[in-house]
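So this block is target.cif, mmCIF, C-alpha atoms and all ligand atoms:
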```
data_coords
loop_
_atom_site.label_atom_id
_atom_site.label_comp_id
_atom_site.auth_asym_id
_atom_site.auth_seq_id
_atom_site.Cartn_x
_atom_site.Cartn_y
_atom_site.Cartn_z
CA MET B 711 7.00 -0.55 0.46
CA VAL B 712 4.34 -1.40 -2.08
CA LEU B 713 1.34 -2.64 -0.16
CA ARG B 714 -0.21 -5.77 -1.66
CA LEU B 715 -3.97 -5.59 -1.40
CA ALA B 716 -6.73 -8.13 -1.79
CA ILE B 717 -10.27 -6.81 -2.10
CA LEU B 718 -13.40 -8.78 -1.24
CA ILE B 719 -16.72 -7.66 -2.70
CA SER B 720 -20.27 -8.86 -3.24
CA GLY B 721 -21.98 -6.23 -5.35
CA ASN B 722 -21.53 -2.91 -7.02
CA GLY B 723 -17.83 -2.60 -6.25
CA SER B 724 -17.47 1.17 -6.51
CA ASN B 725 -15.04 1.29 -3.58
CA MET B 726 -13.09 -1.61 -5.07
CA LEU B 727 -12.89 0.07 -8.50
CA ASN B 728 -11.78 3.30 -6.88
CA ILE B 729 -8.98 1.49 -5.05
CA VAL B 730 -7.96 -0.35 -8.23
CA GLU B 731 -7.84 2.92 -10.20
CA SER B 732 -5.91 4.69 -7.46
CA CYS B 733 -3.29 1.92 -7.56
CA ILE B 734 -3.05 1.93 -11.34
CA LYS B 735 -2.77 5.72 -11.49
CA LYS B 736 -0.16 5.50 -8.72
CA LYS B 737 -2.15 7.74 -6.41
CA ILE B 738 -1.27 5.22 -3.72
CA ASN B 739 1.79 3.05 -3.41
CA ALA B 740 -0.12 -0.21 -3.53
CA GLU B 741 -1.15 -2.91 -5.94
CA VAL B 742 -4.22 -5.08 -6.05
CA GLY B 743 -3.16 -8.73 -6.16
CA ILE B 744 -6.65 -10.11 -6.38
CA VAL B 745 -10.32 -9.16 -6.21
CA ILE B 746 -12.61 -11.89 -4.92
CA SER B 747 -16.39 -11.87 -5.15
CA ASN B 748 -18.73 -14.38 -3.57
CA ASN B 749 -21.39 -13.26 -6.02
CA PRO B 750 -21.08 -14.24 -9.71
CA ASN B 751 -23.53 -11.46 -10.64
CA SER B 752 -21.53 -8.72 -8.97
CA SER B 753 -21.58 -5.71 -11.29
CA GLY B 754 -18.26 -4.64 -9.77
CA LEU B 755 -16.57 -7.70 -11.25
CA ARG B 756 -18.01 -6.92 -14.66
CA LYS B 757 -16.67 -3.39 -14.53
CA LEU B 758 -13.30 -4.68 -13.32
CA GLN B 759 -12.82 -6.44 -16.65
CA GLU B 760 -11.63 -3.21 -18.23
CA PHE B 761 -8.61 -3.32 -15.95
CA ASP B 762 -5.83 -5.87 -15.97
CA VAL B 763 -6.51 -7.14 -12.47
CA ASN B 764 -6.68 -10.69 -11.24
CA SER B 765 -10.15 -11.66 -10.03
CA LYS B 766 -11.97 -14.71 -8.83
CA ILE B 767 -15.54 -15.74 -8.08
CA LEU B 768 -15.89 -18.04 -5.09
CA ARG B 769 -19.43 -19.11 -4.26
CA LEU B 770 -20.01 -20.30 -0.74
CA ASP B 771 -22.53 -22.92 -1.87
CA ASN B 772 -19.89 -24.60 -4.01
CA PHE B 773 -18.03 -25.54 -0.83
CA LYS B 774 -18.84 -28.11 1.81
CA ASN B 775 -18.89 -25.51 4.55
CA LYS B 776 -17.91 -21.94 5.30
CA GLY B 777 -14.63 -22.96 6.91
CA ILE B 778 -13.45 -24.67 3.72
CA TYR B 779 -14.69 -21.76 1.61
CA GLU B 780 -12.75 -19.27 3.69
CA GLN B 781 -9.68 -21.50 3.67
CA GLU B 782 -9.77 -21.29 -0.12
CA ILE B 783 -9.98 -17.49 0.07
CA SER B 784 -7.07 -17.52 2.49
CA ASN B 785 -4.98 -19.72 0.18
CA LEU B 786 -5.54 -17.29 -2.69
CA LEU B 787 -4.55 -14.36 -0.49
CA VAL B 788 -1.35 -16.09 0.57
CA LYS B 789 -0.57 -16.98 -3.04
CA GLU B 790 -0.92 -13.31 -3.94
CA ASN B 791 1.38 -12.20 -1.09
CA THR B 792 -1.41 -10.18 0.44
CA ASP B 793 -0.43 -7.63 3.09
CA LEU B 794 -3.89 -6.20 3.68
CA VAL B 795 -7.41 -7.45 2.99
CA CYS B 796 -9.89 -4.70 2.10
CA LEU B 797 -13.56 -5.50 2.46
CA ALA B 798 -15.64 -3.33 0.18
CA GLY B 799 -19.29 -4.27 0.31
CA TYR B 800 -18.49 -7.91 1.09
CA MET B 801 -21.79 -9.21 2.45
CA LYS B 802 -20.59 -12.30 4.32
CA ILE B 803 -19.51 -12.53 7.92
CA LEU B 804 -15.96 -13.84 8.21
CA GLY B 805 -15.43 -16.84 10.45
CA PRO B 806 -13.02 -17.24 13.39
CA SER B 807 -10.21 -19.13 11.61
CA PHE B 808 -10.01 -16.58 8.84
CA LEU B 809 -10.10 -13.70 11.31
CA LYS B 810 -7.36 -15.30 13.38
CA LYS B 811 -5.11 -15.88 10.40
CA TRP B 812 -5.55 -12.33 9.10
CA ASN B 813 -5.78 -10.64 12.48
CA LYS B 814 -5.36 -6.85 12.18
CA LYS B 815 -4.88 -7.28 8.45
CA ILE B 816 -8.51 -6.89 7.42
CA ILE B 817 -10.21 -3.53 7.11
CA ASN B 818 -13.77 -2.67 6.17
CA ILE B 819 -15.75 0.39 5.22
CA HIS B 820 -19.14 0.97 6.78
CA PRO B 821 -21.69 3.65 5.79
CA SER B 822 -22.26 5.20 9.21
CA LEU B 823 -20.37 6.88 11.98
CA LEU B 824 -19.66 3.81 14.07
CA PRO B 825 -20.46 2.75 16.71
CA ALA B 826 -23.85 4.08 15.58
CA PHE B 827 -25.90 2.07 13.12
CA LYS B 828 -24.02 -1.19 12.79
CA GLY B 829 -25.17 -3.93 10.42
CA ILE B 830 -27.23 -3.62 7.27
CA ASN B 831 -29.23 -0.61 6.03
CA ALA B 832 -27.10 1.79 8.05
CA GLN B 833 -28.31 4.80 6.07
CA GLN B 834 -31.94 3.84 6.68
CA GLN B 835 -31.23 3.39 10.38
CA ALA B 836 -29.65 6.85 10.50
CA LEU B 837 -32.62 8.51 8.81
CA LYS B 838 -35.05 6.74 11.11
CA TYR B 839 -33.16 8.17 14.04
CA ASN B 840 -33.39 11.62 12.50
CA VAL B 841 -29.67 12.27 12.89
CA LYS B 842 -28.32 15.52 11.51
CA TYR B 843 -24.91 14.12 10.61
CA SER B 844 -23.87 10.71 9.39
CA GLY B 845 -20.91 9.48 7.41
CA CYS B 846 -18.64 6.51 7.00
CA THR B 847 -16.03 4.61 8.96
CA VAL B 848 -13.03 2.51 8.04
CA HIS B 849 -12.27 0.02 10.78
CA PHE B 850 -10.35 -3.15 11.49
CA VAL B 851 -12.41 -6.30 11.28
CA ASN B 852 -12.77 -8.56 14.27
CA GLU B 853 -15.39 -11.05 15.47
CA GLU B 854 -17.82 -8.31 16.45
CA ILE B 855 -19.79 -7.10 13.42
CA ASP B 856 -18.72 -3.54 12.60
CA GLY B 857 -17.10 -3.46 16.04
CA GLY B 858 -13.35 -3.49 15.36
CA ASP B 859 -11.04 -0.60 16.11
CA ILE B 860 -11.92 2.54 14.21
CA ILE B 861 -9.18 3.80 11.87
CA ASP B 862 -10.80 6.92 10.44
CA GLN B 863 -14.17 8.49 9.73
CA SER B 864 -15.74 11.05 7.46
CA ILE B 865 -18.85 13.13 8.12
CA VAL B 866 -21.77 14.19 5.94
CA ARG B 867 -24.63 16.54 6.78
CA VAL B 868 -28.08 14.95 6.63
CA ASP B 869 -30.40 17.42 4.91
CA LYS B 870 -34.03 18.06 5.74
CA ASN B 871 -35.44 16.19 2.76
CA GLU B 872 -32.80 13.48 2.69
CA THR B 873 -33.86 10.09 1.33
CA VAL B 874 -32.10 6.76 1.75
CA LYS B 875 -31.03 7.02 -1.88
CA SER B 876 -29.60 10.52 -1.59
CA LEU B 877 -27.86 9.74 1.70
CA LYS B 878 -26.31 6.57 0.25
CA LYS B 879 -25.01 8.59 -2.69
CA LYS B 880 -23.62 11.33 -0.49
CA ILE B 881 -21.90 8.89 1.87
CA LEU B 882 -20.48 6.84 -0.99
CA ILE B 883 -18.63 9.90 -2.32
CA GLU B 884 -16.99 10.25 1.09
CA GLU B 885 -16.32 6.51 1.30
CA HIS B 886 -14.23 6.63 -1.85
CA LYS B 887 -12.08 9.44 -0.45
CA LEU B 888 -11.82 7.95 3.02
CA TYR B 889 -10.71 4.48 1.88
CA ILE B 890 -7.86 5.98 -0.11
CA LYS B 891 -6.91 8.33 2.73
CA VAL B 892 -6.70 5.36 5.13
CA LEU B 893 -4.64 3.29 2.69
CA LYS B 894 -2.27 6.21 2.22
CA SER B 895 -1.80 6.56 5.95
CA ILE B 896 -1.18 2.82 6.39
CA ILE B 897 1.40 2.95 3.60
CA LYS B 898 3.03 6.02 5.12
CA LYS B 899 3.43 4.25 8.44
CA GLY B 900 5.08 1.44 6.51
CA VAL B 901 4.02 -1.29 8.87
CA LEU B 902 0.80 -2.95 9.76
CA ASN B 903 -0.26 -3.89 13.28
CA GLU B 904 1.72 -1.31 15.17
C1 LIG S 1 -20.78 0.73 0.87
O1 LIG S 1 -21.79 1.59 1.28
C2 LIG S 1 -19.98 0.24 2.05
O2 LIG S 1 -19.88 1.17 3.08
C3 LIG S 1 -20.77 -0.96 2.50
O3 LIG S 1 -21.23 -1.54 1.31
C4 LIG S 1 -21.32 -0.56 0.29
C5 LIG S 1 -20.51 -1.04 -0.86
O4 LIG S 1 -20.61 -0.19 -1.97
N1 LIG S 1 -19.97 -1.83 3.31
P1 LIG S 1 -19.74 -0.49 -3.26
O5 LIG S 1 -20.01 -1.94 -3.61
O6 LIG S 1 -18.31 -0.24 -2.92
O7 LIG S 1 -20.27 0.45 -4.30
#
```

Spit out the file's structure as structure tokens when you get a sec.
Ligand code: GRF
Amino acid sequence: MVLRLAILISGNGSNMLNIVESCIKKKINAEVGIVISNNPNSSGLRKLQEFDVNSKILRLDNFKNKGIYEQEISNLLVKENTDLVCLAGYMKILGPSFLKKWNKKIINIHPSLLPAFKGINAQQQALKYNVKYSGCTVHFVNEEIDGGDIIDQSIVRVDKNETVKSLKKKILIEEHKLYIKVLKSIIKKGVLNE
């Protein structure tokens, strides 16, 4: 089966671009039906222009409320025959109706070894705690922020003179590999939600 992906982003989009490239180069048996950004200034969307991939900007403040905004996202995902929604630096919390409709069909990548350091600035939180290892996690998305079932994780060593910047960079390299590894394993299983 060719897995139909939709990717939601807000910013830099390096994970999104890596997934897009992996699909185009046929490293994974998937195709990106649509990339949606809530942020018109997302640099990821700009970089995406060099690829022939459908994208859309949807700004929350152009909608009456979040429910209607997310309904519009949902409609686009249905239109694109989406099998799996990949969050990749999407900085909005998804509401209950959307989560219900796409239950167990939304995955996210987080820059820490969950359940440690949920929420924003995970790398900063990790350094503050003086951990010796950190990493990234791909997990299912549910109503608890960064609290859904863990699918896979990758570890990095935190060096003595590590800074937030260097740790972010180090983790991001692992994120790119991990997201693809997880997608490959989902595709190999051939079915979602089992
Ligand atoms: C990543 O660190 C990811 O773990 C977090 O947001 C960041 C997105 O980076 N959820 P990018 O936009 O994919 O470069």

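If you count all atoms listed in the file and draw a sphere of 10 Å around (-11.9, -21.6, 12.5), the protein and nucleic acid residues inside it come out as Lys776, Gly777, Ile778, Glu780, Gln781, Leu804, Gly805, Pro806, Ser807, Phe808, Leu809, Lys810 and Lys811 of chain B.
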
**OP:** Can you work out the spacing between CA of Arg867 (chain B) and CA of Tyr843 (chain B) in Å, to one decimal?
**Re:**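 Between CA of Arg867 (chain B) and CA of Tyr843 (chain B) the gap works out to 4.5 Å.
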
**OP:** Using all atoms listed in the file, find the one residue out of B:Gly858, B:Asn852, B:Gln833, B:Val742 that sits nearest to Lys879 (chain B).
**Re:** B:Gln833

Original post:
By how many Å are CA of Ile767 (chain B) and CA of Lys875 (chain B) apart?
Top reply: 28.2 Å

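Of note, CA of Glu782 (chain B) and CA of Asn739 (chain B) are spaced 27.1 Å apart.
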
List all protein, DNA and RNA residues that have an atom no more than 8 Å from any atom of ligand LIG 1 (chain S), counting all atoms listed in the file, and report them as a PDB file with C-alpha atoms, keeping the file's coordinate frame.
```
ATOM      1  CA  ILE B 719     -16.720  -7.660  -2.700  1.00  0.00           C
ATOM      2  CA  SER B 720     -20.270  -8.860  -3.240  1.00  0.00           C
ATOM      3  CA  GLY B 721     -21.980  -6.230  -5.350  1.00  0.00           C
ATOM      4  CA  ASN B 722     -21.530  -2.910  -7.020  1.00  0.00           C
ATOM      5  CA  GLY B 723     -17.830  -2.600  -6.250  1.00  0.00           C
ATOM      6  CA  SER B 724     -17.470   1.170  -6.510  1.00  0.00           C
ATOM      7  CA  ASN B 725     -15.040   1.290  -3.580  1.00  0.00           C
ATOM      8  CA  MET B 726     -13.090  -1.610  -5.070  1.00  0.00           C
ATOM      9  CA  LEU B 727     -12.890   0.070  -8.500  1.00  0.00           C
ATOM     10  CA  GLY B 754     -18.260  -4.640  -9.770  1.00  0.00           C
ATOM     11  CA  LEU B 797     -13.560  -5.500   2.460  1.00  0.00           C
ATOM     12  CA  ALA B 798     -15.640  -3.330   0.180  1.00  0.00           C
ATOM     13  CA  GLY B 799     -19.290  -4.270   0.310  1.00  0.00           C
ATOM     14  CA  TYR B 800     -18.490  -7.910   1.090  1.00  0.00           C
ATOM     15  CA  MET B 801     -21.790  -9.210   2.450  1.00  0.00           C
ATOM     16  CA  ASN B 818     -13.770  -2.670   6.170  1.00  0.00           C
ATOM     17  CA  ILE B 819     -15.750   0.390   5.220  1.00  0.00           C
ATOM     18  CA  HIS B 820     -19.140   0.970   6.780  1.00  0.00           C
ATOM     19  CA  PRO B 821     -21.690   3.650   5.790  1.00  0.00           C
ATOM     20  CA  SER B 822     -22.260   5.200   9.210  1.00  0.00           C
ATOM     21  CA  CYS B 846     -18.640   6.510   7.000  1.00  0.00           C
ATOM     22  CA  THR B 847     -16.030   4.610   8.960  1.00  0.00           C
ATOM     23  CA  LYS B 878     -26.310   6.570   0.250  1.00  0.00           C
ATOM     24  CA  ILE B 881     -21.900   8.890   1.870  1.00  0.00           C
ATOM     25  CA  LEU B 882     -20.480   6.840  -0.990  1.00  0.00           C
ATOM     26  CA  GLU B 885     -16.320   6.510   1.300  1.00  0.00           C
TER      27      GLU B 885
END
```

Original post:
Smallest atom-to-atom distance to Glu884 (chain B): which of B:Asp859, B:Lys815, B:Gly845, B:Glu853, using only C-alpha atoms?
Top reply: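 Among the listed residues, the smallest separation from Glu884 (chain B) belongs to B:Gly845.
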
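For the set B:Val763, B:Leu824, B:Ile738, B:Leu837, the residue with the smallest atom-to-atom gap to Ile855 (chain B) is B:Leu824, counting all atoms listed in the file.
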
**OP:** Using only C-alpha atoms, collect all residues at a distance of at most 12 Å from (-30.4, 17.3, 6.9) as written in the file, then present them as a list of chain:residue names.
**Re:** B:Ala836, B:Leu837, B:Tyr839, B:Asn840, B:Val841, B:Lys842, B:Tyr843, B:Ser844, B:Val866, B:Arg867, B:Val868, B:Asp869, B:Lys870, B:Asn871, B:Glu872, B:Thr873, B:Val874, B:Ser876, B:Leu877, B:Lys880

**OP:** Between B:Glu731, B:Lys736, B:Asn748, B:Ile865, single out the one closest to Glu760 (chain B), counting all atoms listed in the file.
**Re:**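 Looking only at the distances to Glu760 (chain B), the closest residue turns out to be B:Glu731.
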